[in-house]
Amino acid sequence: MQNWRPLLVVFLLLALLLTGCWNRRDPELLGFVIATGFDLHPETGLYQIIVQVANPLVLGSQDQGSGGGGEKKPFWVVEAQGHTPFEARQNLALKTSRELFWAHNGILALGENLAREGIAPVLDLFELERQLRLSARPVVVDGDLRSLFEAEFPLEETSGQGLRRQIVTTMFERTFFSAREIRELIATLSRPGFEMMISRIEERATGEKGDSTGATHPAKLSGGAAFVKDRMVGWIEEREAAGWNWIWGRTYRASLVVMAPTDRRPLVVEIFRSRSIIKPRVEGDNVTIDIQIEAQGRVQDQPSTDDLFTVKERLASLERRTATVIKNDVDMVIRRAQELESDFLGFGNLIYRKLPREWKRLEPRWQEIFPNLKVNVDVRVVIQRGGLVVRPQS
């Protein structure tokens with residue numbers, strides 16, 4: 001008869017497991033944050049947080065013009081202020097009927113005013129707060145944050161979703177935009193001799209005409225923002241950002257317009273594979289960086305009448321011309337980094353890793369040495385194939 005005691009203990013333990021979660025939060029009581037923006041308020045000087053929250057009354061409905069959603073948008077934009085980023089975030093609770101849930105946030109948009117004053121407090125908030133994901137994509141906005149969040153993207157329900165998808169698409173299709181995550185920025189801040197470069201988004205108040213329906217696109221992804229420590233010191237243009245990608249092997253796909261060797265008509269060479277080798281050399285206070293870039297590509301369209309693939313000299317000429325286009329982008333970003341005195345190219349960190357004794361000696365004067373750094377760039381391109389069309393039609 002004493003066998004019932006172990007069974008009683010088992011039943012009591014099972015009963016505890018069936019009581020549910022003590023801090024359960026029902027989804028219908030939450031507001032899901034899609035995008036977050038931080039800036040400094042121009043009048044008060046306080047931290048300003050702007051968030052885009054999904055509107056469950058409209059999202060997913062087939063007919064947004066009828067039913068419970070009425071004429072409401074599929075998102076809601078709300079903002080608050082505080083003496084610190086955390087206080088500003090907490091003050092959002094005074095303006096919403098639902099508890100905000102941050103795990104779905106995919107964008108961290110930083111205003112230019114905040115970027116020039118310093119973004120370390122905002123990065124600290126994302127690093128310390130468990131709901132804020134470090135996988136969110138950071139961008140510096142050239143324009144008004146609220147206008148960007150309130151804009152409507154032609155193919156997306158919310159601008160937060162549109163921005164994140166556009167960032168990923170642009171990263172794989174073009175070279176002039178570098179999509180990074182917040183965790184990479186935090187890691188960069190802790191690396192000696194490596195400054196941050198954050199991607200740039202230009203907010204367009206009026207938009208650009210898209211198709212025959214009159215659709216507009218409110219944002220342009222181009223270039224980046226260069227930093228010294230956590231403060232922005234200047235903008236990086238498109239081709240300069242492309243040069244950064246070439247240096248660090250982050251070019252996934254690139255379409256380069258090159259003039260044909262004979263008739264000088266433009267054609268497109270698509271680079272589908274590239275890699276870079278960077279080596280530092282230090283002789284006293286003279287520092288030299290050798291960069292070798294190797295790329296493989298193919299001709300995607302050929303309006304030119306040149307017979308490129310049966311005449312070896314013409315193909316070799318096209319490869320040299322393509323290499324020159326890449327080298328020009330790399331030279332441009334090196335000049336820009338030295339002008340801004342911002343080593344977002346990571347040359348100092350390269351010396352720190354490969355020549356640690358030399359870095360220990362150079363580190364106190366690196367800000368003086370970097371602008372006069374000598375950089376040798378060698379680019380080699382191999383065009384492997386031209387598709388099924390070997391010779392031009394005309």
# chains A, B, ... in the order shown; residues from 1 in each chain; ligands from 1

call {"tool": "closest_atom_pairs", "arguments": {"of": "range 220-284 of chain A", "to": "range 312-331 of chain A", "cutoff": "8 Å", "atoms": "only C-alpha atoms", "output": "tab-separated table"}}
result
residue	atom	partner	partner_atom	distance
A:Arg239	CA	A:Asp329	CA	5.5
A:Glu240	CA	A:Asp329	CA	5.8
A:Ala242	CA	A:Asp329	CA	6.4
A:Gly243	CA	A:Val330	CA	4.1
A:Trp244	CA	A:Val330	CA	6.8
A:Trp246	CA	A:Val330	CA	6.9
A:Ile247	CA	A:Val330	CA	7.0
A:Leu256	CA	A:Thr322	CA	7.3
A:Val258	CA	A:Thr322	CA	6.2
A:Met259	CA	A:Arg321	CA	7.6
A:Ala260	CA	A:Leu318	CA	6.6
A:Pro261	CA	A:Arg314	CA	6.1
A:Thr262	CA	A:Arg314	CA	7.7
A:Val269	CA	A:Thr322	CA	7.5

call {"tool": "residues_around", "arguments": {"residues": "Val122 in chain A", "least_positions_apart": "6", "cutoff": "10 Å", "atoms": "only C-alpha atoms", "output": "PyMOL selection string"}}
result
chain A and resi 37-39+47+84-86+108+110+114

call {"tool": "write_last_selection", "arguments": {"atoms": "N, CA and C atoms", "output": "compact mmCIF listing (two decimals), in the first residue's frame"}}
result
# COMPACT_ATOMS: atom_id res chain seq x y z
N GLY A 37 14.18 54.14 -34.06
CA GLY A 37 15.07 55.23 -34.42
C GLY A 37 15.44 56.06 -33.21
N PHE A 38 16.68 56.55 -33.18
CA PHE A 38 17.15 57.43 -32.12
C PHE A 38 17.77 58.68 -32.72
N ASP A 39 17.52 59.81 -32.06
CA ASP A 39 18.14 61.07 -32.47
C ASP A 39 18.20 61.98 -31.26
N TYR A 47 17.45 62.82 -25.63
CA TYR A 47 17.38 61.68 -26.54
C TYR A 47 15.93 61.49 -26.99
N THR A 84 18.28 59.83 -21.09
CA THR A 84 19.10 58.73 -21.57
C THR A 84 18.27 57.92 -22.56
N PRO A 85 18.92 57.10 -23.40
CA PRO A 85 18.14 56.26 -24.32
C PRO A 85 17.17 55.34 -23.59
N PHE A 86 17.59 54.80 -22.43
CA PHE A 86 16.71 53.90 -21.70
C PHE A 86 15.48 54.64 -21.17
N LEU A 108 17.68 49.71 -36.75
CA LEU A 108 18.07 50.78 -35.83
C LEU A 108 18.50 51.96 -36.69
N LEU A 110 19.61 55.80 -37.01
CA LEU A 110 20.28 56.81 -36.21
C LEU A 110 20.23 58.14 -36.94
N LEU A 114 22.42 62.87 -33.63
CA LEU A 114 22.91 61.93 -32.64
C LEU A 114 24.23 61.32 -33.09

call {"tool": "closest_residue", "arguments": {"among": "A:Leu100, A:Met197, A:Ile277, A:Val10", "to": "Ser342 in chain A", "atoms": "only C-alpha atoms"}}
result
A:Met197

call {"tool": "atom_distance", "arguments": {"atom1": "CA of Leu132 in chain A", "atom2": "CA of Ala120 in chain A"}}
result
15.3 Å

call {"tool": "select_by_dssp", "arguments": {"residues": "range 153-233 of chain A", "states": "strand (DSSP E or B)", "output": "list in words"}}
result
Met197, Ile198, Ser199, Arg200, Ile201, Glu202, Glu203, Arg204, Ala205, Thr206, Gly207, Glu208, Lys209, Thr216, His217, Pro218, Ala219, Lys220, Leu221, Ser222, Gly223, Gly224, Ala225, Ala226, Phe227, Val228, Arg231, Met232 and Val233 of chain A

call {"tool": "residues_around", "arguments": {"residues": "Phe272 in chain A", "least_positions_apart": "2", "cutoff": "10 Å", "atoms": "only C-alpha atoms", "output": "short mmCIF file (atom, residue, chain, number, x, y, z; two decimals) with C-alpha atoms, in the first residue's frame"}}
result
data_model
loop_
_atom_site.label_atom_id
_atom_site.label_comp_id
_atom_site.auth_asym_id
_atom_site.auth_seq_id
_atom_site.Cartn_x
_atom_site.Cartn_y
_atom_site.Cartn_z
CA THR A 251 31.34 42.22 -52.53
CA TYR A 252 28.78 39.54 -53.28
CA ARG A 253 27.82 40.74 -56.74
CA ALA A 254 28.86 43.79 -58.74
CA SER A 255 27.86 45.10 -62.15
CA VAL A 269 30.91 43.04 -66.58
CA GLU A 270 29.35 41.25 -63.63
CA SER A 274 36.30 38.31 -55.39
CA ALA A 295 38.08 39.06 -59.06
CA GLN A 296 36.28 36.80 -61.51
CA GLY A 297 33.49 37.96 -63.77
CA ARG A 298 31.51 37.52 -66.96
#

call {"tool": "closest_residue", "arguments": {"among": "A:Asp343, A:Glu150, A:Asp285, A:Asp290", "to": "Glu358 in chain A", "atoms": "only C-alpha atoms"}}
result
A:Asp285

call {"tool": "residues_around", "arguments": {"residues": "Pro138 in chain A", "least_positions_apart": "2", "cutoff": "9 Å", "atoms": "only C-alpha atoms", "output": "list in words"}}
result
Gly106, Ile107, Leu108, Ala109, Leu110, Ala136, Val140, Ala179, Arg180, Glu181, Ile182, Leu185, Ile198 and Ser199 of chain A

call {"tool": "closest_residue", "arguments": {"among": "A:Glu28, A:Glu127, A:Asp378, A:Glu79", "to": "Ile293 in chain A", "atoms": "only C-alpha atoms"}}
result
A:Asp378

call {"tool": "residues_around", "arguments": {"residues": "range 363-368 of chain A", "least_positions_apart": "3", "cutoff": "12 Å", "atoms": "only C-alpha atoms", "output": "PDB file with N, CA and C atoms, in the first residue's frame"}}
result
ATOM      1  N   PRO A 192      41.188  47.576 -31.519  1.00  0.00           N
ATOM      2  CA  PRO A 192      42.164  48.660 -31.711  1.00  0.00           C
ATOM      3  C   PRO A 192      42.410  48.918 -33.198  1.00  0.00           C
ATOM      4  N   GLY A 193      42.506  50.208 -33.559  1.00  0.00           N
ATOM      5  CA  GLY A 193      42.843  50.569 -34.931  1.00  0.00           C
ATOM      6  C   GLY A 193      41.772  50.295 -35.950  1.00  0.00           C
ATOM      7  N   PHE A 194      40.505  50.281 -35.531  1.00  0.00           N
ATOM      8  CA  PHE A 194      39.409  50.024 -36.474  1.00  0.00           C
ATOM      9  C   PHE A 194      38.229  50.915 -36.084  1.00  0.00           C
ATOM     10  N   GLU A 195      37.896  51.862 -36.960  1.00  0.00           N
ATOM     11  CA  GLU A 195      36.755  52.742 -36.724  1.00  0.00           C
ATOM     12  C   GLU A 195      35.515  52.194 -37.431  1.00  0.00           C
ATOM     13  N   VAL A 228      34.808  58.349 -35.947  1.00  0.00           N
ATOM     14  CA  VAL A 228      35.999  58.262 -35.113  1.00  0.00           C
ATOM     15  C   VAL A 228      35.506  57.979 -33.705  1.00  0.00           C
ATOM     16  N   LYS A 229      35.854  56.818 -33.184  1.00  0.00           N
ATOM     17  CA  LYS A 229      35.264  56.284 -31.960  1.00  0.00           C
ATOM     18  C   LYS A 229      33.762  56.138 -32.196  1.00  0.00           C
ATOM     19  N   ASP A 285      58.842  54.685 -38.798  1.00  0.00           N
ATOM     20  CA  ASP A 285      57.538  55.350 -38.832  1.00  0.00           C
ATOM     21  C   ASP A 285      56.897  55.286 -40.215  1.00  0.00           C
ATOM     22  N   ASN A 286      57.550  54.632 -41.159  1.00  0.00           N
ATOM     23  CA  ASN A 286      57.002  54.493 -42.511  1.00  0.00           C
ATOM     24  C   ASN A 286      56.170  53.215 -42.588  1.00  0.00           C
ATOM     25  N   VAL A 287      54.886  53.403 -42.792  1.00  0.00           N
ATOM     26  CA  VAL A 287      53.952  52.281 -42.844  1.00  0.00           C
ATOM     27  C   VAL A 287      53.404  52.170 -44.251  1.00  0.00           C
ATOM     28  N   ALA A 337      39.084  58.269 -46.476  1.00  0.00           N
ATOM     29  CA  ALA A 337      39.382  57.891 -45.094  1.00  0.00           C
ATOM     30  C   ALA A 337      40.518  58.734 -44.532  1.00  0.00           C
ATOM     31  N   GLN A 338      41.544  58.999 -45.346  1.00  0.00           N
ATOM     32  CA  GLN A 338      42.662  59.805 -44.865  1.00  0.00           C
ATOM     33  C   GLN A 338      42.268  61.267 -44.713  1.00  0.00           C
ATOM     34  N   GLU A 339      41.373  61.760 -45.569  1.00  0.00           N
ATOM     35  CA  GLU A 339      40.882  63.131 -45.413  1.00  0.00           C
ATOM     36  C   GLU A 339      40.130  63.297 -44.098  1.00  0.00           C
ATOM     37  N   LEU A 340      39.303  62.319 -43.754  1.00  0.00           N
ATOM     38  CA  LEU A 340      38.501  62.384 -42.531  1.00  0.00           C
ATOM     39  C   LEU A 340      39.292  61.944 -41.303  1.00  0.00           C
ATOM     40  N   GLU A 341      40.504  61.411 -41.509  1.00  0.00           N
ATOM     41  CA  GLU A 341      41.324  60.885 -40.414  1.00  0.00           C
ATOM     42  C   GLU A 341      40.554  59.830 -39.630  1.00  0.00           C
ATOM     43  N   SER A 342      39.852  58.992 -40.360  1.00  0.00           N
ATOM     44  CA  SER A 342      39.050  57.920 -39.775  1.00  0.00           C
ATOM     45  C   SER A 342      39.483  56.598 -40.391  1.00  0.00           C
ATOM     46  N   ASP A 343      40.079  55.751 -39.591  1.00  0.00           N
ATOM     47  CA  ASP A 343      40.569  54.464 -40.108  1.00  0.00           C
ATOM     48  C   ASP A 343      39.446  53.428 -40.074  1.00  0.00           C
ATOM     49  N   GLY A 346      40.342  49.854 -41.275  1.00  0.00           N
ATOM     50  CA  GLY A 346      40.896  48.842 -40.386  1.00  0.00           C
ATOM     51  C   GLY A 346      42.361  48.532 -40.610  1.00  0.00           C
ATOM     52  N   PHE A 347      43.127  49.467 -41.202  1.00  0.00           N
ATOM     53  CA  PHE A 347      44.542  49.216 -41.426  1.00  0.00           C
ATOM     54  C   PHE A 347      45.307  49.121 -40.104  1.00  0.00           C
ATOM     55  N   GLY A 348      44.930  49.959 -39.131  1.00  0.00           N
ATOM     56  CA  GLY A 348      45.572  49.891 -37.826  1.00  0.00           C
ATOM     57  C   GLY A 348      45.343  48.556 -37.149  1.00  0.00           C
ATOM     58  N   ASN A 349      44.139  48.034 -37.262  1.00  0.00           N
ATOM     59  CA  ASN A 349      43.835  46.745 -36.663  1.00  0.00           C
ATOM     60  C   ASN A 349      44.610  45.629 -37.357  1.00  0.00           C
ATOM     61  N   ILE A 351      47.671  45.917 -38.509  1.00  0.00           N
ATOM     62  CA  ILE A 351      48.999  45.932 -37.897  1.00  0.00           C
ATOM     63  C   ILE A 351      48.934  45.341 -36.489  1.00  0.00           C
ATOM     64  N   TYR A 352      47.873  45.667 -35.759  1.00  0.00           N
ATOM     65  CA  TYR A 352      47.703  45.138 -34.401  1.00  0.00           C
ATOM     66  C   TYR A 352      47.682  43.613 -34.394  1.00  0.00           C
ATOM     67  N   LEU A 355      51.385  42.519 -36.711  1.00  0.00           N
ATOM     68  CA  LEU A 355      52.659  43.042 -36.205  1.00  0.00           C
ATOM     69  C   LEU A 355      52.411  43.693 -34.836  1.00  0.00           C
ATOM     70  N   PRO A 356      52.095  42.910 -33.822  1.00  0.00           N
ATOM     71  CA  PRO A 356      51.674  43.480 -32.529  1.00  0.00           C
ATOM     72  C   PRO A 356      52.740  44.352 -31.863  1.00  0.00           C
ATOM     73  N   ARG A 357      53.999  43.996 -32.007  1.00  0.00           N
ATOM     74  CA  ARG A 357      55.042  44.819 -31.394  1.00  0.00           C
ATOM     75  C   ARG A 357      55.129  46.192 -32.044  1.00  0.00           C
ATOM     76  N   GLU A 358      55.010  46.216 -33.372  1.00  0.00           N
ATOM     77  CA  GLU A 358      55.025  47.499 -34.080  1.00  0.00           C
ATOM     78  C   GLU A 358      53.797  48.335 -33.713  1.00  0.00           C
ATOM     79  N   TRP A 359      52.652  47.688 -33.569  1.00  0.00           N
ATOM     80  CA  TRP A 359      51.431  48.428 -33.224  1.00  0.00           C
ATOM     81  C   TRP A 359      51.552  49.065 -31.837  1.00  0.00           C
ATOM     82  N   LYS A 360      52.156  48.375 -30.901  1.00  0.00           N
ATOM     83  CA  LYS A 360      52.319  48.933 -29.565  1.00  0.00           C
ATOM     84  C   LYS A 360      53.115  50.232 -29.617  1.00  0.00           C
ATOM     85  N   PRO A 371      46.846  59.478 -41.830  1.00  0.00           N
ATOM     86  CA  PRO A 371      46.603  60.316 -43.018  1.00  0.00           C
ATOM     87  C   PRO A 371      47.734  60.294 -44.038  1.00  0.00           C
ATOM     88  N   ASN A 372      48.943  59.926 -43.629  1.00  0.00           N
ATOM     89  CA  ASN A 372      50.089  59.900 -44.551  1.00  0.00           C
ATOM     90  C   ASN A 372      50.489  58.474 -44.935  1.00  0.00           C
ATOM     91  N   LEU A 373      49.613  57.546 -44.668  1.00  0.00           N
ATOM     92  CA  LEU A 373      49.886  56.140 -44.947  1.00  0.00           C
ATOM     93  C   LEU A 373      50.034  55.910 -46.460  1.00  0.00           C
TER      94      LEU A 373
END

call {"tool": "closest_residue", "arguments": {"among": "A:Gln300, A:Thr175, A:Thr288, A:Thr96", "to": "Glu238 in chain A", "atoms": "only C-alpha atoms"}}
result
A:Thr175

call {"tool": "select_by_dssp", "arguments": {"residues": "range 114-356 of chain A", "states": "helix (DSSP H, G or I)", "output": "NGL selection string"}}
result
:A and (114-117 or 120-128 or 145-150 or 159-173 or 182-189 or 238-247 or 312-340 or 347-354 or 356)

call {"tool": "atom_distance", "arguments": {"atom1": "CA of Ala35 in chain A", "atom2": "CA of His104 in chain A"}}
result
8.4 Å

call {"tool": "closest_residue", "arguments": {"among": "A:Leu7, A:Val381, A:Met232, A:Val257", "to": "Gly118 in chain A", "atoms": "only C-alpha atoms"}}
result
A:Met232

call {"tool": "atom_distance", "arguments": {"atom1": "CA of Thr310 in chain A", "atom2": "CA of Arg273 in chain A"}}
result
23.3 Å
